[in-house]
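*Asks:* This is the content of data-v7.tsv (TSV, C-alpha atoms and all ligand atoms):
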```
chain	number	residue	atom	x	y	z
N	157	MET	CA	171.42	19.99	38.48
N	158	SER	CA	170.51	19.05	42.05
N	159	GLU	CA	172.62	21.97	43.19
N	160	GLU	CA	170.55	24.20	40.95
N	161	ILE	CA	167.30	22.89	42.46
N	162	CYS	CA	168.63	23.48	45.95
N	163	LYS	CA	169.53	27.09	45.15
N	164	THR	CA	166.08	27.78	43.77
N	165	SER	CA	164.36	26.35	46.80
N	166	ASP	CA	166.58	28.50	49.11
N	167	GLU	CA	165.71	31.62	47.17
N	168	ALA	CA	162.02	30.76	47.33
N	169	LYS	CA	162.35	30.30	51.08
N	170	THR	CA	164.07	33.63	51.52
N	171	ARG	CA	161.52	35.37	49.33
N	172	LYS	CA	158.74	33.79	51.35
N	173	GLN	CA	160.41	34.85	54.56
N	174	LEU	CA	160.88	38.35	53.19
N	175	LYS	CA	157.29	38.50	52.11
N	176	SER	CA	155.99	37.42	55.46
N	177	GLU	CA	158.38	39.89	57.13
N	178	MET	CA	157.01	42.66	54.89
N	179	THR	CA	153.45	41.64	55.67
N	180	ARG	CA	154.28	41.78	59.41
N	181	MET	CA	155.89	45.16	58.99
N	182	SER	CA	153.02	46.58	57.02
N	183	GLN	CA	150.65	45.24	59.68
N	184	ARG	CA	152.76	46.96	62.31
N	185	ILE	CA	152.75	50.16	60.30
N	186	THR	CA	148.99	49.96	59.99
N	187	GLY	CA	148.84	49.38	63.74
N	188	LEU	CA	151.10	52.38	64.33
N	189	GLU	CA	148.98	54.52	62.03
N	190	GLU	CA	145.90	53.49	63.89
N	191	ILE	CA	147.58	54.38	67.18
N	192	GLU	CA	148.55	57.75	65.73
N	193	VAL	CA	144.99	58.43	64.57
N	194	GLU	CA	143.75	57.36	67.97
N	195	HIS	CA	146.31	59.62	69.59
N	196	LYS	CA	145.25	62.55	67.41
N	197	ARG	CA	141.62	61.97	68.24
N	198	ALA	CA	142.45	61.84	71.93
N	199	GLU	CA	144.50	65.02	71.55
N	200	MET	CA	141.59	66.74	69.76
N	201	GLU	CA	139.17	65.60	72.42
N	202	LEU	CA	141.52	66.90	75.08
N	203	LYS	CA	141.80	70.24	73.30
N	204	THR	CA	138.01	70.49	72.98
N	205	ASP	CA	137.72	69.51	76.60
N	206	ILE	CA	140.19	72.22	77.65
N	207	ALA	CA	138.44	74.84	75.49
N	208	GLN	CA	135.09	73.81	76.92
N	209	ARG	CA	136.46	73.94	80.43
N	210	LYS	CA	137.94	77.38	79.81
N	211	ARG	CA	134.59	78.58	78.44
N	212	MET	CA	132.86	77.19	81.49
N	213	GLU	CA	135.40	78.84	83.76
N	214	ARG	CA	134.85	82.17	82.00
N	215	ASN	CA	131.07	81.78	82.31
N	216	LEU	CA	131.43	80.84	85.94
N	217	SER	CA	133.59	83.86	86.72
N	218	ARG	CA	131.09	86.08	84.87
N	219	HIS	CA	128.28	84.61	86.98
N	220	VAL	CA	130.30	85.07	90.16
N	221	GLU	CA	130.94	88.69	89.16
N	222	SER	CA	127.29	89.44	88.43
N	223	LEU	CA	126.32	87.66	91.65
N	224	GLY	CA	128.78	89.92	93.48
N	225	ASP	CA	127.22	92.99	91.79
N	226	LEU	CA	123.76	91.79	92.76
N	227	VAL	CA	124.78	91.25	96.37
N	228	GLU	CA	126.44	94.70	96.44
N	229	LYS	CA	123.35	96.37	94.91
N	230	ASN	CA	121.05	94.59	97.36
N	231	THR	CA	123.25	95.50	100.31
N	232	LYS	CA	123.21	99.14	99.16
N	233	LYS	CA	119.42	99.05	98.73
N	234	THR	CA	118.96	97.49	102.17
N	235	GLY	CA	121.34	100.09	103.62
N	236	LYS	CA	119.38	102.93	101.99
N	237	LEU	CA	116.09	101.48	103.17
N	238	LEU	CA	117.41	101.12	106.70
N	239	GLN	CA	118.74	104.69	106.55
N	240	MET	CA	115.33	105.95	105.35
N	241	GLU	CA	113.56	104.01	108.09
N	242	ARG	CA	116.00	105.40	110.63
N	243	LEU	CA	115.43	108.96	109.39
N	244	ALA	CA	111.66	108.51	109.50
N	245	ALA	CA	111.93	107.16	113.05
N	246	ILE	CA	114.15	110.11	114.03
N	247	GLY	CA	111.61	112.49	112.50
N	248	GLU	CA	108.73	110.94	114.45
N	249	THR	CA	110.70	110.93	117.69
N	250	ALA	CA	111.79	114.52	117.09
N	251	ALA	CA	108.17	115.63	116.64
N	252	MET	CA	107.05	113.74	119.75
N	253	VAL	CA	109.85	115.00	122.00
N	254	GLY	CA	109.40	118.53	120.63
N	255	HIS	CA	105.68	118.64	121.41
N	256	ASP	CA	106.11	116.97	124.81
N	257	LEU	CA	108.78	119.42	125.94
N	258	ARG	CA	107.03	122.56	124.72
N	259	ASN	CA	104.39	122.49	127.52
N	260	PRO	CA	106.65	122.13	130.57
N	261	LEU	CA	108.98	124.75	129.08
N	262	THR	CA	106.14	127.20	128.60
N	263	GLY	CA	105.28	126.55	132.26
N	264	ILE	CA	108.85	127.26	133.41
N	265	ALA	CA	109.04	130.40	131.26
N	266	GLY	CA	105.71	131.61	132.73
N	267	ALA	CA	106.89	130.96	136.29
N	268	ALA	CA	110.16	132.82	135.64
N	269	TYR	CA	108.22	135.75	134.20
N	270	TYR	CA	105.96	135.78	137.30
N	271	LEU	CA	108.97	135.81	139.65
N	272	ARG	CA	110.69	138.55	137.68
N	273	THR	CA	107.65	140.82	137.63
N	274	ASN	CA	106.58	140.15	141.23
N	275	TRP	CA	109.95	140.01	143.03
N	276	GLY	CA	111.35	142.67	140.80
N	277	ARG	CA	114.17	144.61	142.36
N	278	MET	CA	113.23	143.52	145.85
N	279	THR	CA	115.24	140.33	145.78
N	280	ASP	CA	119.01	139.74	146.05
N	281	GLU	CA	121.45	139.70	143.16
N	282	LYS	CA	122.11	135.95	143.34
N	283	SER	CA	118.40	135.13	142.93
N	284	MET	CA	118.18	137.48	139.95
N	285	GLN	CA	121.18	135.73	138.41
N	286	MET	CA	119.45	132.38	138.88
N	287	LEU	CA	116.31	133.78	137.29
N	288	SER	CA	118.31	134.97	134.27
N	289	LEU	CA	119.89	131.52	134.03
N	290	ILE	CA	116.45	129.89	133.96
N	291	GLU	CA	115.29	132.30	131.23
N	292	LYS	CA	118.41	131.75	129.14
N	293	ASN	CA	118.10	127.99	129.34
N	294	VAL	CA	114.40	128.08	128.54
N	295	GLU	CA	115.26	130.13	125.46
N	296	TYR	CA	117.99	127.66	124.47
N	297	SER	CA	115.66	124.67	124.99
N	298	ASN	CA	112.99	126.39	122.94
N	299	LYS	CA	115.50	126.75	120.11
N	300	ILE	CA	116.15	123.01	120.25
N	301	ILE	CA	112.41	122.33	120.14
N	302	ASP	CA	112.04	124.69	117.16
N	303	ASP	CA	114.74	122.64	115.39
N	304	LEU	CA	113.10	119.33	116.26
N	305	LEU	CA	109.70	120.48	115.01
N	306	GLU	CA	111.12	122.18	111.92
N	307	TYR	CA	113.02	119.01	111.03
N	308	SER	CA	110.03	116.71	111.45
N	309	ALA	CA	107.23	118.88	110.05
N	310	GLU	CA	106.14	118.82	106.41
N	311	ILE	CA	107.42	121.85	104.53
N	312	TYR	CA	104.86	124.07	102.82
N	313	LEU	CA	106.60	126.86	100.93
N	314	GLU	CA	105.16	130.34	101.03
N	315	VAL	CA	107.17	132.18	98.43
N	316	ALA	CA	107.73	135.92	98.18
N	317	GLU	CA	110.12	138.09	96.17
N	318	THR	CA	113.50	139.15	97.53
N	319	ASP	CA	117.20	139.35	96.56
N	320	PRO	CA	120.40	137.80	97.94
N	321	LYS	CA	121.62	141.01	99.61
N	322	SER	CA	118.38	141.43	101.63
N	323	LEU	CA	118.31	137.75	102.60
N	324	VAL	CA	121.91	137.75	103.83
N	325	GLY	CA	121.51	141.13	105.60
N	326	GLU	CA	118.48	139.87	107.54
N	327	ALA	CA	120.18	136.59	108.41
N	328	LEU	CA	123.30	138.43	109.65
N	329	ALA	CA	121.14	140.63	111.90
N	330	LEU	CA	119.39	137.57	113.35
N	331	ALA	CA	122.59	135.57	113.84
N	332	GLU	CA	124.29	138.24	115.98
N	333	VAL	CA	127.86	137.74	114.80
N	334	PRO	CA	130.40	138.63	117.53
N	335	LYS	CA	132.81	141.53	116.94
N	336	LYS	CA	135.90	139.32	116.78
N	337	ILE	CA	134.57	137.99	113.47
N	338	ARG	CA	134.96	140.28	110.48
N	339	VAL	CA	132.11	139.95	108.02
N	340	LEU	CA	132.73	140.74	104.36
N	341	ASP	CA	129.31	140.82	102.72
N	342	SER	CA	129.76	141.21	98.98
N	343	THR	CA	126.38	139.81	97.97
N	344	GLU	CA	124.48	141.56	95.18
N	345	LYS	CA	121.01	143.05	94.90
N	346	LYS	CA	120.23	140.87	91.92
N	347	PRO	CA	118.72	138.59	90.84
N	348	ARG	CA	115.22	139.16	92.14
N	349	MET	CA	114.20	135.73	93.36
N	350	GLN	CA	111.22	133.95	94.85
N	351	VAL	CA	111.77	131.98	98.05
N	352	ASP	CA	110.10	131.18	101.34
N	353	LEU	CA	111.67	134.14	103.18
N	354	GLN	CA	111.32	132.84	106.71
N	355	ARG	CA	112.70	129.42	105.88
N	356	ILE	CA	115.65	130.55	103.74
N	357	ARG	CA	116.53	133.13	106.38
N	358	ARG	CA	116.55	130.37	108.94
N	359	CYS	CA	118.75	128.28	106.69
N	360	LEU	CA	121.26	131.13	106.27
N	361	VAL	CA	121.25	131.77	110.04
N	362	ASN	CA	122.12	128.10	110.65
N	363	ILE	CA	125.07	128.36	108.27
N	364	ILE	CA	126.27	131.65	109.76
N	365	ASP	CA	125.92	130.22	113.31
N	366	ASN	CA	128.05	127.25	112.32
N	367	ALA	CA	130.69	129.54	110.78
N	368	VAL	CA	130.76	131.64	113.97
N	369	GLU	CA	131.08	128.51	116.12
N	370	ALA	CA	133.94	127.27	113.94
N	371	MET	CA	135.92	130.48	114.67
N	372	PRO	CA	135.95	130.72	118.50
N	373	GLN	CA	139.14	132.85	118.38
N	374	GLY	CA	137.71	135.10	115.69
N	375	GLY	CA	138.27	135.16	111.95
N	376	LYS	CA	136.70	136.25	108.70
N	377	LEU	CA	133.35	135.37	107.15
N	378	THR	CA	133.08	136.20	103.45
N	379	ILE	CA	129.68	136.01	101.79
N	380	THR	CA	129.24	136.23	98.02
N	381	SER	CA	126.39	135.74	95.58
N	382	LYS	CA	126.09	135.20	91.85
N	383	GLU	CA	123.52	134.28	89.26
N	384	SER	CA	124.12	131.20	87.17
N	385	ASN	CA	121.81	129.20	84.86
N	386	GLY	CA	118.56	130.38	86.39
N	387	ASN	CA	119.90	129.86	89.90
N	388	CYS	CA	121.18	132.17	92.59
N	389	GLU	CA	124.28	130.89	94.36
N	390	MET	CA	125.21	132.16	97.82
N	391	THR	CA	128.55	131.14	99.31
N	392	PHE	CA	129.64	131.47	102.96
N	393	ILE	CA	133.40	131.13	103.49
N	394	ASP	CA	134.84	131.02	106.98
N	395	THR	CA	138.44	130.88	108.19
N	396	GLY	CA	137.56	128.46	110.99
N	397	GLU	CA	138.73	125.02	112.05
N	398	GLY	CA	137.57	123.25	108.86
N	399	MET	CA	136.56	119.61	108.73
N	400	GLU	CA	138.15	116.19	108.18
N	401	GLU	CA	136.73	114.00	105.39
N	402	GLU	CA	134.94	111.66	107.84
N	403	ILE	CA	133.04	114.62	109.34
N	404	ILE	CA	132.05	115.92	105.89
N	405	GLU	CA	130.55	112.47	105.11
N	406	LYS	CA	128.25	112.63	108.17
N	407	LEU	CA	127.48	116.33	107.99
N	408	TRP	CA	123.94	116.05	106.62
N	409	ASN	CA	122.82	113.28	108.97
N	410	PRO	CA	120.23	114.47	111.47
N	411	LEU	CA	121.52	114.65	115.04
N	412	PHE	CA	125.17	114.55	113.91
N	413	THR	CA	127.17	117.05	115.94
N	414	THR	CA	130.74	117.48	117.16
N	415	LYS	CA	129.76	120.18	119.64
N	416	ALA	CA	129.21	119.72	123.36
N	417	LYS	CA	126.02	121.80	123.22
N	418	GLY	CA	125.08	121.02	119.62
N	419	ILE	CA	121.94	119.19	118.60
N	420	GLY	CA	122.99	118.38	115.06
N	421	LEU	CA	119.85	119.42	113.20
N	422	GLY	CA	121.02	122.75	111.73
N	423	LEU	CA	122.36	121.41	108.45
N	424	SER	CA	119.69	118.69	108.07
N	425	ILE	CA	117.06	121.44	108.30
N	426	CYS	CA	119.01	123.56	105.80
N	427	LYS	CA	119.18	120.70	103.33
N	428	ARG	CA	115.44	119.98	103.63
N	429	ILE	CA	114.56	123.63	103.11
N	430	VAL	CA	116.90	124.12	100.15
N	431	GLU	CA	115.75	120.89	98.49
N	432	ALA	CA	112.09	121.86	99.04
N	433	HIS	CA	112.90	124.88	96.84
N	434	GLY	CA	114.44	122.60	94.20
N	435	GLY	CA	117.92	123.82	95.11
N	436	THR	CA	121.17	122.25	96.31
N	437	ILE	CA	123.59	122.79	99.15
N	438	SER	CA	127.25	121.76	99.06
N	439	VAL	CA	130.37	122.10	101.15
N	440	LYS	CA	134.12	122.36	100.66
N	441	SER	CA	136.42	122.29	103.64
N	442	ARG	CA	140.06	121.95	104.67
N	443	PRO	CA	141.03	121.10	108.24
N	444	GLY	CA	142.76	124.06	109.87
N	445	GLU	CA	141.97	126.40	106.96
N	446	GLY	CA	138.22	126.90	106.77
N	447	THR	CA	134.96	125.91	105.18
N	448	ALA	CA	132.76	127.12	102.33
N	449	PHE	CA	129.05	126.30	102.12
N	450	THR	CA	127.27	127.08	98.85
N	451	ILE	CA	123.51	127.24	98.54
N	452	SER	CA	122.09	127.27	95.04
N	453	LEU	CA	118.41	128.21	94.71
N	454	PRO	CA	116.28	128.46	91.58
N	455	ILE	CA	115.33	132.10	91.03
N	456	LYS	CA	111.77	130.82	90.76
N	457	PRO	CA	110.75	127.56	92.46
N	458	GLU	CA	109.56	124.88	90.03
N	459	SER	CA	105.88	125.49	90.81
N	460	GLU	CA	104.23	128.86	91.38
N	461	GLU	CA	101.93	127.29	93.92
N	462	ASP	CA	102.87	126.51	97.49
N	463	GLU	CA	104.94	123.35	97.65
N	464	PHE	CA	105.58	120.83	100.32
N	465	ILE	CA	107.86	117.86	100.85
K	1	LIG	N1	131.48	126.07	109.11
K	1	LIG	C1	131.80	124.92	109.72
K	1	LIG	N2	133.09	124.67	110.07
K	1	LIG	C2	133.41	123.51	110.68
K	1	LIG	N3	132.54	122.53	110.99
K	1	LIG	C3	131.26	122.72	110.66
K	1	LIG	C4	130.82	123.90	110.03
K	1	LIG	N4	129.48	123.80	109.82
K	1	LIG	C5	129.12	122.61	110.32
K	1	LIG	N5	130.17	121.94	110.84
K	1	LIG	C6	130.15	120.60	111.45
K	1	LIG	O1	128.90	120.02	111.17
K	1	LIG	C7	128.27	119.55	112.37
K	1	LIG	C8	126.76	119.60	112.20
K	1	LIG	O2	126.30	120.95	112.10
K	1	LIG	P1	124.79	121.28	112.45
K	1	LIG	O3	123.91	120.34	111.69
K	1	LIG	O4	124.57	122.72	112.27
K	1	LIG	O5	124.65	120.87	113.99
K	1	LIG	P2	125.29	121.59	115.27
K	1	LIG	O6	125.70	122.98	114.88
K	1	LIG	O7	124.17	121.56	116.27
K	1	LIG	O8	126.44	120.72	115.69
K	1	LIG	C9	128.84	120.46	113.44
K	1	LIG	O9	128.77	119.86	114.73
K	1	LIG	C10	130.27	120.63	112.97
K	1	LIG	O10	131.07	119.54	113.32
K	2	MG	MG	124.59	124.27	113.75
```
Re-express the file's structure as C-alpha cells.
Ligand SMILES: Nc1ncnc2c1ncn2[C@@H]1O[C@H](COP(=O)(O)OP(=O)(O)O)[C@@H](O)[C@H]1O
Ligand SMILES: [Mg+2]
*Replies:*
Amino acid sequence: MSEEICKTSDEAKTRKQLKSEMTRMSQRITGLEEIEVEHKRAEMELKTDIAQRKRMERNLSRHVESLGDLVEKNTKKTGKLLQMERLAAIGETAAMVGHDLRNPLTGIAGAAYYLRTNWGRMTDEKSMQMLSLIEKNVEYSNKIIDDLLEYSAEIYLEVAETDPKSLVGEALALAEVPKKIRVLDSTEKKPRMQVDLQRIRRCLVNIIDNAVEAMPQGGKLTITSKESNGNCEMTFIDTGEGMEEEIIEKLWNPLFTTKAKGIGLGLSICKRIVEAHGGTISVKSRPGEGTAFTISLPIKPESEEDEFI
C-alpha cells in the first residue's frame, strides 16, 4: 500500500515537472514568436527605408540632371548674349573706323590725282610707279571701308525685278575672274525674282572673290541656279583648297579671315544681305577638294515695301 502511495506521488511530481517544463517551453516559443514578429517588422522597416532611400536617390539624380540642364541653358544664353554684345561692339567700331578713315583716304587720293595730272609724263618711271602704288592701295583701303560701313549700316532693301542669269553675269563682270579659272555658268533666266540688285550683286561678288582666292593655281568655278518652293537657289562650286570643319564653324563671324590681306567681312556681309531678303546661305566643303556656297532667296521678299534689318 505504502509502495502504491509512493508511486503515485512520484508520478504527480513528474507530471508537475513536465507541466512546468511545457509552460517554460511555451513561454519560450511565445518569446521566439515575438522575436520573429519583431524581426519581420524590422525587416519591413528596412525595406521601406531602402525603397524610400532609392526614391530619394532617384529624385536627387533627377534634380541634379535638371540643374545641369539649367546651368547648360544659362551658359548658352550668356554665351549668345556675349556674342551679340561683341557683334554690336564690332559693328559700332567698324562704323567709326570706316568713317574716320574715309577722310584721310580721300585726301591721299586727291593728292595722288593732283600729282598725276600735274607731273604727268614729265617725271621719272620710279615716281610714276610709286604713284600707281599709292592709288592701288587707296583703292584697296576704300574697299575695306566699304565693307566696314556695309557691315555696320542698317539695311534698307530697294527691290527690283531680275533673274539669276543676269545677277550672276553682272557679278562675274565685276569680280574680274582671272583666265586660269574656268567659269561654267549654267544659271537660268528664270524665275523672275525681286531683290535689291546692288546688294545681291555685291553678295555674289564676295562669294566669287572667295572662290577665286581659294584657287590660286587655277581651277573651275561652276555656277548653277534652280527654282524650288518659291525660292531661287544659286550655287557656286569651286575646285579650290576647301575648308576644315573648324574653319567652317567660324566662317560667318565678322572679321574672321585666314588670309594675309583679308578683312573677314565678306561672308558676314553676304549673310546679312541674304537674311534681310528672308533667304538663307549655306556651305559645304571638303579640304583639298573644293567648296560649294548656296544662296537661297525668296522670289519675292516677304514684304513688298522696302525692308530693313
Ligand atoms: N570658297 C572658299 N574656299 C575656301 N575657303 C573659303 C572660301 N570662302 C571663304 N573661305 C574662308 O572663309 C574666310 C572668310 O571669308 P570672308 O568673310 O570673305 O573674308 P576674307 O575673304 O576677307 O578672308 C576666308 O578667309 C577663308 O578662310
Ligand atoms: Mg572674302
*Asks:* Of the residues N:Asn298, N:Arg242, N:Lys175, N:Val333, which is the one nearest to Asn259 in chain N, using all atoms listed in the file?
*Replies:* N:Asn298
*Asks:* Set the distance at 7 Å and use all atoms listed in the file: which residues neighbour Ile337 in chain N once local chain neighbours fewer than 5 positions away are removed? I'd like the list as a VMD selection string.
*Replies:* chain N and resid 374 to 377
*Asks:* Any chance you could work out the axis-aligned box around ligand LIG 1 (chain K), listed atoms only, 4 Å on each side, giving centre and edge lengths in Å to one decimal, as JSON?
*Replies:*
```
{"center_x": 128.7, "center_y": 122.8, "center_z": 112.7, "size_x": 17.5, "size_y": 14.5, "size_z": 15.2}
```
*Asks:* Write out as a list in words each polymer residue (protein, DNA or RNA) that has an atom no more than 7 Å from ligand MG 2 (chain K), with only C-alpha atoms and all ligand atoms counted.
*Replies:*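 What falls inside 7 Å of ligand MG 2 (chain K) is Asn362, Ile363, Asp365, Asn366, Gly418, Gly420, Leu421, Gly422 and Leu423 of chain N.
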*Asks:* What does the distance from CA of Glu281 in chain N to CA of Leu261 in chain N come to in Å, to one decimal?
*Replies:*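 CA of Glu281 in chain N sits 24.0 Å away from CA of Leu261 in chain N.
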*Asks:* Identify which of the residues N:Gly187, N:Pro457, N:Gly444, N:Gly247 lies closest to Gln350 in chain N, counting all atoms listed in the file when measuring atom-to-atom distances.
*Replies:*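 Of the candidates, the smallest distance to Gln350 in chain N is held by N:Pro457.
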*Asks:* Around ligand LIG 1 (chain K), out to 6 Å and counting only C-alpha atoms and all ligand atoms, which residues are there? I want them as a list in words.
*Replies:*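 So the residues close to ligand LIG 1 (chain K) are Asn366, Ala367, Ala370, Gly396, Glu397, Gly398, Met399, Leu407, Phe412, Thr413, Thr414, Lys415, Gly418, Ile419, Gly420, Leu421, Gly422, Leu423, Ser424 and Thr447 of chain N.
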*Asks:* Give me the residues within 9 Å of Val430 in chain N as a PyMOL selection string, counting all atoms listed in the file and dropping any in the same chain fewer than 2 places off.
*Replies:* chain N and resi 355-356+359+425-428+432-437+451-453
*Asks:* Can you write just those residues out, C-alpha atoms, as a CSV table (one decimal), in the coordinates of the input?
*Replies:*
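Output (result_35.csv):
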```csv
chain,number,residue,atom,x,y,z
N,355,ARG,CA,112.7,129.4,105.9
N,356,ILE,CA,115.6,130.6,103.7
N,359,CYS,CA,118.8,128.3,106.7
N,425,ILE,CA,117.1,121.4,108.3
N,426,CYS,CA,119.0,123.6,105.8
N,427,LYS,CA,119.2,120.7,103.3
N,428,ARG,CA,115.4,120.0,103.6
N,432,ALA,CA,112.1,121.9,99.0
N,433,HIS,CA,112.9,124.9,96.8
N,434,GLY,CA,114.4,122.6,94.2
N,435,GLY,CA,117.9,123.8,95.1
N,436,THR,CA,121.2,122.2,96.3
N,437,ILE,CA,123.6,122.8,99.2
N,451,ILE,CA,123.5,127.2,98.5
N,452,SER,CA,122.1,127.3,95.0
N,453,LEU,CA,118.4,128.2,94.7
```
*Asks:* Residues within 12 Å of Arg272 in chain N, please, as a list in words. Count all atoms listed in the file; anything in the same chain fewer than 4 positions from it doesn't count.
*Replies:*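 Residues meeting the cut-off are Ala265, Gly266, Ala267, Ala268, Gly276, Arg277, Met278, Thr279, Asp280, Ser283, Met284, Gln285, Met286, Leu287, Ser288, Ile290 and Glu291 of chain N.
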*Asks:* What does the distance from CA of Tyr312 in chain N to CA of Asp352 in chain N come to in Å, to one decimal?
*Replies:*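 Answer for the CA of Tyr312 in chain N to CA of Asp352 in chain N separation: 9.0 Å.
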*Asks:* What's the separation between CA of Asp302 in chain N and CA of Met371 in chain N, in Å to one decimal place?
*Replies:* 24.7 Å
*Asks:* Ranking N:Lys196, N:Arg214, N:Lys417, N:Arg171 by minimum distance to Ile300 in chain N and counting all atoms listed in the file, which one comes first?
*Replies:*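 Looking at the shortest contact to Ile300 in chain N, the residue is N:Lys417.
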